[in-house]
>>> print(open('query-v5.tsv').read())   # TSV, C-alpha atoms and all ligand atoms
chain	number	residue	atom	x	y	z
A	1	MET	CA	16.47	35.78	4.87
A	2	SER	CA	17.51	33.62	7.82
A	3	GLY	CA	21.06	32.28	8.11
A	4	PRO	CA	22.13	28.85	9.31
A	5	LEU	CA	21.04	27.97	12.87
A	6	SER	CA	23.71	28.35	15.51
A	7	ARG	CA	24.28	25.25	17.66
A	8	ARG	CA	22.50	26.98	20.55
A	9	GLU	CA	19.49	27.90	18.36
A	10	PHE	CA	19.31	24.35	16.98
A	11	LEU	CA	19.38	22.79	20.46
A	12	ALA	CA	16.71	25.24	21.62
A	13	SER	CA	14.46	24.42	18.63
A	14	THR	CA	14.75	20.64	19.05
A	15	ALA	CA	14.40	20.87	22.84
A	16	ALA	CA	10.86	22.11	22.26
A	17	THR	CA	9.88	18.86	20.52
A	18	LEU	CA	12.09	16.18	22.09
A	19	PRO	CA	10.51	15.94	25.55
A	20	LEU	CA	7.11	15.60	23.92
A	21	LEU	CA	8.18	12.85	21.52
A	22	ALA	CA	10.60	10.80	23.64
A	23	PRO	CA	8.11	9.33	26.15
A	24	ALA	CA	5.75	8.47	23.28
A	25	ILE	CA	7.99	5.57	22.18
A	26	PRO	CA	8.07	2.87	24.87
A	27	HIS	CA	11.04	0.49	24.64
A	28	ALA	CA	12.49	2.41	21.67
A	29	MET	CA	14.89	0.52	19.42
A	30	ARG	CA	17.26	3.47	19.83
A	31	PRO	CA	17.10	7.09	21.04
A	32	LEU	CA	15.86	9.77	18.66
A	33	ARG	CA	18.50	11.15	16.29
A	34	PRO	CA	17.03	14.51	15.37
A	35	LEU	CA	18.12	16.10	12.11
A	36	PRO	CA	17.00	19.63	11.25
A	37	PRO	CA	14.41	19.40	8.42
A	38	SER	CA	16.69	21.50	6.19
A	39	ARG	CA	19.32	18.72	6.40
A	40	TRP	CA	17.11	15.96	4.96
A	41	ALA	CA	18.40	15.21	1.44
A	42	ALA	CA	15.16	13.31	0.79
A	43	LYS	CA	12.21	12.49	2.97
A	44	PRO	CA	11.21	9.16	4.54
A	45	VAL	CA	8.41	7.14	2.96
A	46	VAL	CA	5.72	5.16	4.77
A	47	VAL	CA	3.14	2.86	3.16
A	48	ALA	CA	0.20	1.12	4.85
A	49	SER	CA	-3.16	-0.50	4.28
A	50	ALA	CA	-6.10	1.86	3.64
A	51	ASN	CA	-6.98	2.09	7.34
A	52	GLY	CA	-3.45	3.45	7.93
A	53	LEU	CA	-3.75	7.09	6.87
A	54	ARG	CA	-3.16	8.26	10.45
A	55	ALA	CA	-0.47	5.61	10.86
A	56	VAL	CA	1.60	6.81	7.89
A	57	GLN	CA	1.35	10.42	9.08
A	58	LYS	CA	2.39	9.48	12.63
A	59	ALA	CA	5.24	7.28	11.44
A	60	PHE	CA	6.46	9.97	9.04
A	61	ASP	CA	6.39	12.63	11.78
A	62	LEU	CA	8.39	10.37	14.09
A	63	LEU	CA	10.94	9.56	11.38
A	64	ILE	CA	11.42	13.27	10.69
A	65	ALA	CA	11.92	13.72	14.45
A	66	GLY	CA	14.73	11.16	14.28
A	67	ALA	CA	12.93	7.97	15.35
A	68	ASP	CA	13.96	4.48	14.31
A	69	THR	CA	11.90	2.94	11.46
A	70	LEU	CA	10.39	0.16	13.60
A	71	ASP	CA	9.54	2.50	16.46
A	72	ALA	CA	7.84	4.82	13.94
A	73	ALA	CA	5.87	2.04	12.23
A	74	VAL	CA	4.71	0.49	15.53
A	75	GLU	CA	3.63	3.86	16.94
A	76	GLY	CA	1.70	4.37	13.70
A	77	VAL	CA	-0.27	1.11	13.80
A	78	LYS	CA	-0.97	1.53	17.53
A	79	ILE	CA	-3.41	4.30	16.56
A	80	GLN	CA	-5.63	1.63	14.95
A	81	GLU	CA	-5.01	-0.93	17.70
A	82	LEU	CA	-6.27	1.55	20.31
A	83	ASP	CA	-9.17	2.82	18.19
A	84	PRO	CA	-12.45	1.13	19.25
A	85	GLU	CA	-13.97	2.08	15.86
A	86	ASP	CA	-11.56	-0.18	13.92
A	87	ASP	CA	-13.10	-3.62	14.44
A	88	SER	CA	-10.29	-5.46	12.62
A	89	VAL	CA	-7.40	-4.60	14.93
A	90	GLY	CA	-6.59	-4.52	18.67
A	91	TYR	CA	-9.17	-3.05	21.06
A	92	GLY	CA	-12.64	-3.43	19.53
A	93	GLY	CA	-11.52	-6.13	17.09
A	94	LEU	CA	-14.19	-8.73	16.30
A	95	PRO	CA	-13.82	-11.85	18.47
A	96	ASN	CA	-13.54	-15.56	17.71
A	97	ALA	CA	-16.47	-18.01	17.73
A	98	ASP	CA	-16.39	-18.13	21.54
A	99	GLY	CA	-16.61	-14.34	21.86
A	100	VAL	CA	-12.92	-13.97	22.79
A	101	VAL	CA	-10.71	-11.41	21.02
A	102	GLN	CA	-7.43	-13.08	20.01
A	103	LEU	CA	-4.81	-10.80	18.47
A	104	ASP	CA	-1.87	-11.53	16.13
A	105	ALA	CA	1.07	-9.29	15.19
A	106	SER	CA	4.60	-9.45	13.80
A	107	CYS	CA	7.38	-7.05	12.93
A	108	MET	CA	10.86	-6.94	11.42
A	109	HIS	CA	13.66	-4.44	11.97
A	110	GLY	CA	15.86	-4.04	8.90
A	111	PRO	CA	18.96	-2.49	10.49
A	112	THR	CA	19.39	-5.28	13.07
A	113	ARG	CA	17.80	-8.03	10.90
A	114	ARG	CA	15.59	-9.10	13.81
A	115	ALA	CA	12.01	-10.31	13.95
A	116	GLY	CA	9.29	-10.66	16.59
A	117	ALA	CA	5.73	-11.97	16.67
A	118	VAL	CA	2.81	-12.85	18.92
A	119	GLY	CA	-0.23	-15.02	18.17
A	120	CYS	CA	-3.56	-15.62	19.92
A	121	LEU	CA	-2.74	-12.85	22.41
A	122	GLU	CA	-5.72	-12.08	24.68
A	123	ASN	CA	-6.56	-8.99	26.78
A	124	ILE	CA	-3.63	-6.83	25.62
A	125	LYS	CA	-4.60	-3.88	23.42
A	126	THR	CA	-1.37	-3.40	21.43
A	127	PRO	CA	0.09	-6.69	20.15
A	128	SER	CA	2.43	-4.81	17.76
A	129	GLU	CA	4.25	-3.44	20.81
A	130	VAL	CA	4.50	-6.90	22.34
A	131	ALA	CA	5.91	-8.27	19.05
A	132	LYS	CA	8.52	-5.49	19.18
A	133	LEU	CA	9.45	-6.52	22.72
A	134	VAL	CA	9.90	-10.15	21.59
A	135	LEU	CA	12.17	-8.82	18.82
A	136	LYS	CA	14.11	-6.49	21.09
A	137	TYR	CA	14.49	-8.43	24.33
A	138	THR	CA	14.41	-12.16	23.57
A	139	ASN	CA	16.30	-14.94	21.83
A	140	HIS	CA	12.96	-16.07	20.33
A	141	ILE	CA	10.80	-14.85	17.48
A	142	PHE	CA	7.24	-16.07	18.08
A	143	LEU	CA	5.28	-16.28	21.37
A	144	VAL	CA	1.66	-17.42	21.48
A	145	GLY	CA	-1.35	-17.59	23.78
A	146	GLU	CA	-0.93	-17.59	27.54
A	147	GLY	CA	2.87	-17.37	27.31
A	148	ALA	CA	2.66	-14.28	25.09
A	149	LYS	CA	0.30	-12.66	27.59
A	150	ARG	CA	2.51	-13.45	30.58
A	151	PHE	CA	5.47	-12.06	28.64
A	152	ALA	CA	3.54	-8.80	28.00
A	153	LEU	CA	2.45	-8.54	31.66
A	154	SER	CA	6.08	-8.89	32.75
A	155	TYR	CA	6.86	-5.69	30.83
A	156	GLY	CA	4.08	-3.75	32.55
A	157	PHE	CA	1.17	-4.21	30.14
A	158	THR	CA	-2.19	-4.49	31.86
A	159	GLU	CA	-5.00	-6.93	31.05
A	160	GLU	CA	-8.09	-5.26	29.61
A	161	ASP	CA	-11.42	-6.34	28.15
A	162	LEU	CA	-10.94	-5.92	24.39
A	163	MET	CA	-14.67	-6.18	23.57
A	164	THR	CA	-16.55	-2.95	22.88
A	165	ALA	CA	-20.33	-2.55	22.86
A	166	HIS	CA	-20.16	-2.76	19.04
A	167	SER	CA	-18.01	-5.91	18.85
A	168	ARG	CA	-20.05	-7.69	21.52
A	169	ASP	CA	-23.32	-6.81	19.77
A	170	ALA	CA	-21.90	-8.01	16.42
A	171	TRP	CA	-20.81	-11.33	17.96
A	172	LEU	CA	-24.18	-11.84	19.70
A	173	ARG	CA	-26.00	-11.22	16.40
A	174	TRP	CA	-23.69	-13.62	14.55
A	175	ARG	CA	-24.26	-16.28	17.21
A	176	ALA	CA	-28.02	-15.80	17.12
A	177	ASN	CA	-28.11	-16.33	13.33
A	178	LEU	CA	-25.65	-19.20	13.23
A	179	ASN	CA	-28.15	-22.01	13.18
A	180	PRO	CA	-31.91	-21.62	12.54
A	181	THR	CA	-32.71	-24.63	14.74
A	182	ASP	CA	-30.68	-23.70	17.81
A	183	ASN	CA	-32.07	-22.05	20.95
A	184	PHE	CA	-31.08	-18.50	19.95
A	185	LEU	CA	-33.81	-16.76	17.97
A	186	ASP	CA	-32.62	-15.30	14.63
A	187	VAL	CA	-32.21	-11.50	14.39
A	188	PRO	CA	-32.01	-9.20	11.30
A	189	ASP	CA	-28.56	-9.46	9.66
A	190	THR	CA	-28.36	-5.94	8.23
A	191	GLU	CA	-24.56	-5.82	8.70
A	192	ARG	CA	-24.11	-9.15	6.84
A	193	LEU	CA	-22.43	-10.53	9.94
A	194	THR	CA	-22.77	-14.12	8.78
A	195	THR	CA	-19.97	-13.39	6.29
A	196	PRO	CA	-16.72	-13.41	8.31
A	197	LYS	CA	-14.63	-10.25	8.02
A	198	THR	CA	-10.89	-9.81	7.74
A	199	GLY	CA	-9.21	-6.51	8.48
A	200	THR	CA	-5.67	-5.85	9.70
A	201	ILE	CA	-3.17	-3.02	9.34
A	202	ASN	CA	0.25	-3.35	7.73
A	203	CYS	CA	2.80	-0.52	7.80
A	204	ASN	CA	6.27	-0.30	6.18
A	205	ALA	CA	8.72	2.57	6.63
A	206	VAL	CA	11.99	3.49	4.89
A	207	THR	CA	14.38	6.37	5.50
A	208	PRO	CA	16.41	8.13	2.79
A	209	GLN	CA	19.44	6.32	4.26
A	210	GLY	CA	17.74	3.05	3.28
A	211	ASP	CA	16.81	1.71	6.71
A	212	ILE	CA	13.54	-0.22	6.58
A	213	SER	CA	11.08	-1.82	9.01
A	214	SER	CA	7.65	-3.44	8.76
A	215	VAL	CA	4.80	-4.39	11.09
A	216	THR	CA	1.41	-6.08	10.72
A	217	THR	CA	-1.26	-6.38	13.42
A	218	THR	CA	-4.80	-7.78	13.45
A	219	SER	CA	-7.68	-9.31	15.37
A	220	GLY	CA	-7.87	-11.81	12.50
A	221	LEU	CA	-10.85	-13.37	10.85
A	222	SER	CA	-14.06	-12.63	12.73
A	223	TRP	CA	-15.76	-15.64	14.36
A	224	LYS	CA	-12.64	-17.79	13.70
A	225	ILE	CA	-12.20	-21.17	15.37
A	226	PRO	CA	-10.53	-20.43	18.73
A	227	GLY	CA	-6.78	-20.82	18.37
A	228	ARG	CA	-6.75	-19.94	14.66
A	229	VAL	CA	-3.68	-17.94	13.70
A	230	GLY	CA	-3.72	-16.01	10.44
A	231	ASP	CA	-0.93	-14.68	8.26
A	232	SER	CA	-0.25	-11.46	10.20
A	233	PRO	CA	2.10	-12.94	12.83
A	234	ILE	CA	3.84	-15.26	10.37
A	235	ILE	CA	7.24	-13.82	9.42
A	236	GLY	CA	7.38	-13.97	5.62
A	237	ALA	CA	3.60	-13.97	5.20
A	238	GLY	CA	1.97	-11.05	7.10
A	239	GLN	CA	5.09	-8.99	6.58
A	240	TYR	CA	8.74	-9.32	5.62
A	241	CYS	CA	11.66	-6.91	5.60
A	242	ASP	CA	15.15	-7.18	4.18
A	243	ASN	CA	17.23	-4.05	4.74
A	244	ASP	CA	19.11	-4.72	1.47
A	245	VAL	CA	15.93	-4.75	-0.62
A	246	GLY	CA	12.66	-3.53	0.91
A	247	ALA	CA	9.63	-4.57	2.90
A	248	ALA	CA	6.17	-5.92	2.11
A	249	GLY	CA	3.04	-6.82	4.05
A	250	SER	CA	-0.49	-7.99	3.58
A	251	THR	CA	-4.12	-7.67	4.63
A	252	GLY	CA	-7.07	-9.86	3.70
A	253	ARG	CA	-7.60	-13.62	3.70
A	254	GLY	CA	-4.64	-14.87	5.70
A	255	GLU	CA	-4.93	-18.54	4.77
A	256	SER	CA	-4.39	-17.63	1.10
A	257	ASN	CA	-1.30	-15.59	1.92
A	258	ILE	CA	0.31	-18.16	4.22
A	259	LYS	CA	0.39	-20.74	1.43
A	260	VAL	CA	2.58	-18.53	-0.80
A	261	CYS	CA	4.65	-16.80	1.94
A	262	GLY	CA	3.44	-13.57	0.31
A	263	GLY	CA	5.47	-11.00	2.28
A	264	PHE	CA	8.71	-12.87	1.57
A	265	LEU	CA	7.77	-13.58	-2.04
A	266	THR	CA	7.03	-9.91	-2.73
A	267	VAL	CA	10.42	-8.86	-1.33
A	268	GLU	CA	12.08	-11.55	-3.46
A	269	HIS	CA	10.32	-10.19	-6.56
A	270	MET	CA	11.74	-6.75	-5.70
A	271	ARG	CA	15.18	-8.27	-5.18
A	272	ARG	CA	15.03	-9.48	-8.79
A	273	GLY	CA	14.30	-5.94	-9.96
A	274	MET	CA	10.51	-5.57	-9.91
A	275	LYS	CA	8.97	-2.28	-8.84
A	276	PRO	CA	6.88	-2.56	-5.65
A	277	ALA	CA	3.41	-2.57	-7.27
A	278	ASP	CA	4.52	-5.11	-9.91
A	279	ALA	CA	6.01	-7.30	-7.19
A	280	CYS	CA	2.68	-7.22	-5.30
A	281	LEU	CA	0.76	-8.13	-8.48
A	282	GLU	CA	3.11	-11.03	-9.19
A	283	THR	CA	2.51	-12.38	-5.68
A	284	LEU	CA	-1.25	-12.12	-6.18
A	285	LYS	CA	-0.96	-14.17	-9.39
A	286	ARG	CA	0.79	-16.87	-7.34
A	287	VAL	CA	-2.04	-16.70	-4.80
A	288	VAL	CA	-4.63	-17.28	-7.52
A	289	ALA	CA	-2.64	-20.20	-8.92
A	290	ALA	CA	-2.54	-21.76	-5.44
A	291	THR	CA	-6.26	-21.31	-4.71
A	292	GLU	CA	-8.59	-24.27	-4.27
A	293	PRO	CA	-11.61	-24.43	-6.63
A	294	ARG	CA	-14.10	-23.98	-3.74
A	295	LEU	CA	-12.74	-20.43	-3.30
A	296	LEU	CA	-12.98	-19.47	-6.99
A	297	ASP	CA	-15.99	-18.18	-8.92
A	298	GLU	CA	-17.18	-19.64	-12.21
A	299	ARG	CA	-14.54	-17.55	-14.05
A	300	GLY	CA	-11.71	-18.78	-11.85
A	301	ARG	CA	-11.45	-15.55	-9.85
A	302	PRO	CA	-11.03	-15.59	-6.05
A	303	ARG	CA	-14.15	-15.05	-3.96
A	304	PHE	CA	-12.05	-13.41	-1.23
A	305	GLY	CA	-10.00	-10.24	-0.80
A	306	LEU	CA	-6.22	-10.02	-0.43
A	307	SER	CA	-3.85	-7.05	-0.67
A	308	PHE	CA	-0.09	-6.52	-0.64
A	309	TYR	CA	1.81	-3.30	0.15
A	310	ALA	CA	5.51	-2.77	-0.56
A	311	VAL	CA	8.35	-0.28	-0.35
A	312	ASN	CA	11.90	-0.67	-1.64
A	313	LYS	CA	15.20	0.64	-0.33
A	314	ARG	CA	15.07	3.61	-2.72
A	315	GLY	CA	11.75	4.74	-1.26
A	316	GLU	CA	9.65	3.59	-4.24
A	317	PHE	CA	6.36	2.12	-3.08
A	318	GLY	CA	3.12	0.56	-4.30
A	319	ALA	CA	0.31	-1.83	-3.52
A	320	ALA	CA	-1.88	-4.33	-5.32
A	321	THR	CA	-5.19	-6.03	-4.65
A	322	LEU	CA	-7.19	-8.77	-6.33
A	323	TYR	CA	-9.98	-6.27	-7.09
A	324	PRO	CA	-9.74	-2.43	-7.18
A	325	GLY	CA	-8.71	-1.17	-3.77
A	326	ARG	CA	-6.96	1.56	-1.87
A	327	TYR	CA	-3.97	2.05	0.39
A	328	ALA	CA	-2.33	4.80	2.42
A	329	ALA	CA	1.09	6.31	1.78
A	330	HIS	CA	3.21	9.23	2.90
A	331	ASP	CA	5.53	9.95	-0.02
A	332	GLY	CA	7.59	12.54	1.84
A	333	THR	CA	5.22	15.31	0.80
A	334	ALA	CA	1.82	14.36	2.20
A	335	ALA	CA	-0.14	11.43	3.57
A	336	ARG	CA	-2.93	10.38	1.26
A	337	ILE	CA	-5.10	7.50	0.13
A	338	ARG	CA	-4.18	6.07	-3.28
A	339	ASP	CA	-5.60	3.51	-5.68
A	340	THR	CA	-3.93	0.09	-5.80
A	341	ALA	CA	-2.92	-1.85	-8.88
A	342	TYR	CA	-5.25	-4.85	-9.24
A	343	LEU	CA	-5.74	-8.13	-11.08
A	344	TYR	CA	-9.48	-8.16	-11.80
A	345	GLN	CA	-12.32	-5.70	-12.36
A	346	ARG	CA	-15.31	-6.22	-10.06
A	347	GLY	CA	-18.45	-7.72	-11.58
A	348	ASN	CA	-18.60	-9.48	-14.93
B	401	LIG	N1	-4.93	-11.14	7.31
B	401	LIG	C1	-5.48	-11.28	8.59
B	401	LIG	C2	-5.91	-12.64	8.91
B	401	LIG	O1	-6.24	-13.40	8.03
B	401	LIG	O2	-5.94	-12.96	10.08
>>> encode(input="query-v5.tsv", output="structure tokens")
Amino acid sequence: MSGPLSRREFLASTAATLPLLAPAIPHAMRPLRPLPPSRWAAKPVVVASANGLRAVQKAFDLLIAGADTLDAAVEGVKIQELDPEDDSVGYGGLPNADGVVQLDASCMHGPTRRAGAVGCLENIKTPSEVAKLVLKYTNHIFLVGEGAKRFALSYGFTEEDLMTAHSRDAWLRWRANLNPTDNFLDVPDTERLTTPKTGTINCNAVTPQGDISSVTTTSGLSWKIPGRVGDSPIIGAGQYCDNDVGAAGSTGRGESNIKVCGGFLTVEHMRRGMKPADACLETLKRVVAATEPRLLDERGRPRFGLSFYAVNKRGEFGAATLYPGRYAAHDGTAARIRDTAYLYQRGN
């Protein structure tokens, strides 16, 4: 049986991990505050969209290593931003109608009650990091377009081509099939590219001490009109965090979320006592009530997808979708994919 660690043994054990972790968090909100695992009364909780299984594991590992909640959440979603295989986020995200990748992101830091966001950011792979820099270093909340890029470059980010072979090929196929009478010959649409895609990753983290942060990042709707900004960078829509209550975020059709301020509304539902999944469902009911007939099927159900994810200050979490869906969560024990609550069954 091993006894309590001496101070020297504890410093030696953490020294093995600290140098590896510290440089991995650029512009950290605060230095790591390591706590020996045996001293955690309860474990942190991280919840994300279904593409965030690696994100929740990374964020959880960083929280256990003593990282701040926003640093942990941003480092988590950066995995998807940098992954060329995820065509809904960051590098490799599907471009706008002109073939230009324009990225949106926002974040909130519960402990300091600050917010940051960027919209229509071009040629920078990790907009979530840039949103965190707006939050941390400026008197502003939301930077867009050329100004957002110049701001990122001033902090040492480098401009890069965000198109991959896959995203360029997808855009070229979409353009070819756009109009049967134009000068581009139609090509087989096996990937159903004519239907625009939404993607996005949202991630929310809470520590047992009740500190909370949230982040959402996306390349937005594929083939969007240049300049279109979705819900992800809108504070109160793409995500919202109140350190007294909880955090919530969204993926899916941004226009439908913006109209109900879904991130904010979900946190307000939790403030009035709803559990996270119920709060998400209640927000989705508001979305349906606010939906124009052109976007509803003959039974009054939305023809689009929209999801909300939420965590409260006690570490309870949940998610809801319009139709059966999935999300990622680390509940303090393991990271895994779970089923969402939902409003409607698919089909008739
Ligand atoms: N929810 C992502 C977007 O609509 O841009």
>>> residues_near_ligand(input="query-v5.tsv", ligand="ligand LIG 401 (chain B)", cutoff="10 Å", atoms="all atoms listed in the file", output="PyMOL selection string")
chain A and resi 88-89+103-105+197-202+216-222+224+228-233+237-238+249-258+305-307
>>> closest_residue(input="query-v5.tsv", among="A:Ala341, A:Ala310, A:Leu295, A:Ala329", to="Ala59 of chain A", atoms="only C-alpha atoms")
A:Ala329
>>> closest_residue(input="query-v5.tsv", among="A:Leu322, A:Leu284, A:Ala248, A:Ala328", to="Val260 of chain A", atoms="all atoms listed in the file")
A:Leu284
>>> residues_around(input="query-v5.tsv", residues="segment 167-174 of chain A", least_positions_apart="4", cutoff="12 Å", atoms="all atoms listed in the file", output="JSON, numbers by chain")
{"A": [84, 85, 86, 87, 88, 89, 90, 91, 92, 93, 94, 95, 96, 97, 98, 99, 100, 101, 161, 162, 163, 178, 179, 180, 184, 185, 186, 187, 188, 189, 190, 191, 192, 193, 194, 195, 196, 197, 219, 222, 223, 224]}
>>> write_last_selection(input="query-v5.tsv", atoms="C-alpha atoms", output="PDB file, keeping the file's coordinate frame")
ATOM      1  CA  PRO A  84     -12.450   1.130  19.250  1.00  0.00           C
ATOM      2  CA  GLU A  85     -13.970   2.080  15.860  1.00  0.00           C
ATOM      3  CA  ASP A  86     -11.560  -0.180  13.920  1.00  0.00           C
ATOM      4  CA  ASP A  87     -13.100  -3.620  14.440  1.00  0.00           C
ATOM      5  CA  SER A  88     -10.290  -5.460  12.620  1.00  0.00           C
ATOM      6  CA  VAL A  89      -7.400  -4.600  14.930  1.00  0.00           C
ATOM      7  CA  GLY A  90      -6.590  -4.520  18.670  1.00  0.00           C
ATOM      8  CA  TYR A  91      -9.170  -3.050  21.060  1.00  0.00           C
ATOM      9  CA  GLY A  92     -12.640  -3.430  19.530  1.00  0.00           C
ATOM     10  CA  GLY A  93     -11.520  -6.130  17.090  1.00  0.00           C
ATOM     11  CA  LEU A  94     -14.190  -8.730  16.300  1.00  0.00           C
ATOM     12  CA  PRO A  95     -13.820 -11.850  18.470  1.00  0.00           C
ATOM     13  CA  ASN A  96     -13.540 -15.560  17.710  1.00  0.00           C
ATOM     14  CA  ALA A  97     -16.470 -18.010  17.730  1.00  0.00           C
ATOM     15  CA  ASP A  98     -16.390 -18.130  21.540  1.00  0.00           C
ATOM     16  CA  GLY A  99     -16.610 -14.340  21.860  1.00  0.00           C
ATOM     17  CA  VAL A 100     -12.920 -13.970  22.790  1.00  0.00           C
ATOM     18  CA  VAL A 101     -10.710 -11.410  21.020  1.00  0.00           C
ATOM     19  CA  ASP A 161     -11.420  -6.340  28.150  1.00  0.00           C
ATOM     20  CA  LEU A 162     -10.940  -5.920  24.390  1.00  0.00           C
ATOM     21  CA  MET A 163     -14.670  -6.180  23.570  1.00  0.00           C
ATOM     22  CA  LEU A 178     -25.650 -19.200  13.230  1.00  0.00           C
ATOM     23  CA  ASN A 179     -28.150 -22.010  13.180  1.00  0.00           C
ATOM     24  CA  PRO A 180     -31.910 -21.620  12.540  1.00  0.00           C
ATOM     25  CA  PHE A 184     -31.080 -18.500  19.950  1.00  0.00           C
ATOM     26  CA  LEU A 185     -33.810 -16.760  17.970  1.00  0.00           C
ATOM     27  CA  ASP A 186     -32.620 -15.300  14.630  1.00  0.00           C
ATOM     28  CA  VAL A 187     -32.210 -11.500  14.390  1.00  0.00           C
ATOM     29  CA  PRO A 188     -32.010  -9.200  11.300  1.00  0.00           C
ATOM     30  CA  ASP A 189     -28.560  -9.460   9.660  1.00  0.00           C
ATOM     31  CA  THR A 190     -28.360  -5.940   8.230  1.00  0.00           C
ATOM     32  CA  GLU A 191     -24.560  -5.820   8.700  1.00  0.00           C
ATOM     33  CA  ARG A 192     -24.110  -9.150   6.840  1.00  0.00           C
ATOM     34  CA  LEU A 193     -22.430 -10.530   9.940  1.00  0.00           C
ATOM     35  CA  THR A 194     -22.770 -14.120   8.780  1.00  0.00           C
ATOM     36  CA  THR A 195     -19.970 -13.390   6.290  1.00  0.00           C
ATOM     37  CA  PRO A 196     -16.720 -13.410   8.310  1.00  0.00           C
ATOM     38  CA  LYS A 197     -14.630 -10.250   8.020  1.00  0.00           C
ATOM     39  CA  SER A 219      -7.680  -9.310  15.370  1.00  0.00           C
ATOM     40  CA  SER A 222     -14.060 -12.630  12.730  1.00  0.00           C
ATOM     41  CA  TRP A 223     -15.760 -15.640  14.360  1.00  0.00           C
ATOM     42  CA  LYS A 224     -12.640 -17.790  13.700  1.00  0.00           C
TER      43      LYS A 224
END
>>> closest_residue(input="query-v5.tsv", among="A:Ala28, A:Leu296, A:Val215, A:Ala115", to="Asp71 of chain A", atoms="only C-alpha atoms")
A:Ala28
>>> atom_distance(input="query-v5.tsv", atom1="atom CA of His269 of chain A", atom2="atom CA of Leu70 of chain A")
22.7 Å
>>> residues_around(input="query-v5.tsv", residues="segment 141-144 of chain A", least_positions_apart="3", cutoff="9 Å", atoms="only C-alpha atoms", output="list in words")
Asp104, Ser106, Arg114, Ala115, Gly116, Ala117, Val118, Gly119, Cys120, Leu121, Ala131, Val134, Leu135, Thr138, Gly147, Ala148, Lys149, Phe151, Pro233, Ile234 and Ile235 of chain A
>>> write_last_selection(input="query-v5.tsv", atoms="C-alpha atoms", output="compact mmCIF listing (two decimals), in the frame of the given file")
# COMPACT_ATOMS: atom_id res chain seq x y z
CA ASP A 104 -1.87 -11.53 16.13
CA SER A 106 4.60 -9.45 13.80
CA ARG A 114 15.59 -9.10 13.81
CA ALA A 115 12.01 -10.31 13.95
CA GLY A 116 9.29 -10.66 16.59
CA ALA A 117 5.73 -11.97 16.67
CA VAL A 118 2.81 -12.85 18.92
CA GLY A 119 -0.23 -15.02 18.17
CA CYS A 120 -3.56 -15.62 19.92
CA LEU A 121 -2.74 -12.85 22.41
CA ALA A 131 5.91 -8.27 19.05
CA VAL A 134 9.90 -10.15 21.59
CA LEU A 135 12.17 -8.82 18.82
CA THR A 138 14.41 -12.16 23.57
CA GLY A 147 2.87 -17.37 27.31
CA ALA A 148 2.66 -14.28 25.09
CA LYS A 149 0.30 -12.66 27.59
CA PHE A 151 5.47 -12.06 28.64
CA PRO A 233 2.10 -12.94 12.83
CA ILE A 234 3.84 -15.26 10.37
CA ILE A 235 7.24 -13.82 9.42
>>> axis_aligned_box(input="query-v5.tsv", around="segment 310-313 of chain A", padding_each_side="8 Å", output="AutoDock Vina command-line options")
--center_x 10.4 --center_y -1.1 --center_z -1.0 --size_x 25.7 --size_y 19.4 --size_z 17.3
>>> atom_distance(input="query-v5.tsv", atom1="atom CA of Thr340 of chain A", atom2="atom CA of Glu75 of chain A")
24.3 Å
>>> closest_residue(input="query-v5.tsv", among="A:Leu82, A:Met270, A:Cys261, A:Ile25", to="Asp68 of chain A", atoms="only C-alpha atoms")
A:Ile25
>>> atom_distance(input="query-v5.tsv", atom1="atom CA of Ala335 of chain A", atom2="atom CA of Gln80 of chain A")
16.0 Å
>>> closest_residue(input="query-v5.tsv", among="A:Asn177, A:Ser214, A:Ser38, A:Asn183", to="Val77 of chain A", atoms="all atoms listed in the file")
A:Ser214
>>> build_atoms(input="query-v5.tsv", residues="segment 297-305 of chain A", atoms="N, CA and C atoms", output="tab-separated table (two decimals), in the coordinates of the input")
chain	number	residue	atom	x	y	z
A	297	ASP	N	-14.68	-18.28	-8.28
A	297	ASP	CA	-15.99	-18.18	-8.92
A	297	ASP	C	-15.96	-18.94	-10.25
A	298	GLU	N	-17.08	-18.86	-10.98
A	298	GLU	CA	-17.18	-19.64	-12.21
A	298	GLU	C	-16.16	-19.21	-13.27
A	299	ARG	N	-15.57	-18.00	-13.10
A	299	ARG	CA	-14.54	-17.55	-14.05
A	299	ARG	C	-13.12	-17.75	-13.51
A	300	GLY	N	-13.03	-18.47	-12.40
A	300	GLY	CA	-11.71	-18.78	-11.85
A	300	GLY	C	-11.11	-17.64	-11.05
A	301	ARG	N	-11.96	-16.69	-10.62
A	301	ARG	CA	-11.45	-15.55	-9.85
A	301	ARG	C	-11.74	-15.76	-8.37
A	302	PRO	N	-10.82	-15.36	-7.49
A	302	PRO	CA	-11.03	-15.59	-6.05
A	302	PRO	C	-12.30	-14.92	-5.53
A	303	ARG	N	-12.96	-15.61	-4.61
A	303	ARG	CA	-14.15	-15.05	-3.96
A	303	ARG	C	-13.78	-14.27	-2.71
A	304	PHE	N	-12.48	-14.08	-2.46
A	304	PHE	CA	-12.05	-13.41	-1.23
A	304	PHE	C	-11.21	-12.18	-1.61
A	305	GLY	N	-10.85	-11.41	-0.59
A	305	GLY	CA	-10.00	-10.24	-0.80
A	305	GLY	C	-8.61	-10.46	-0.25
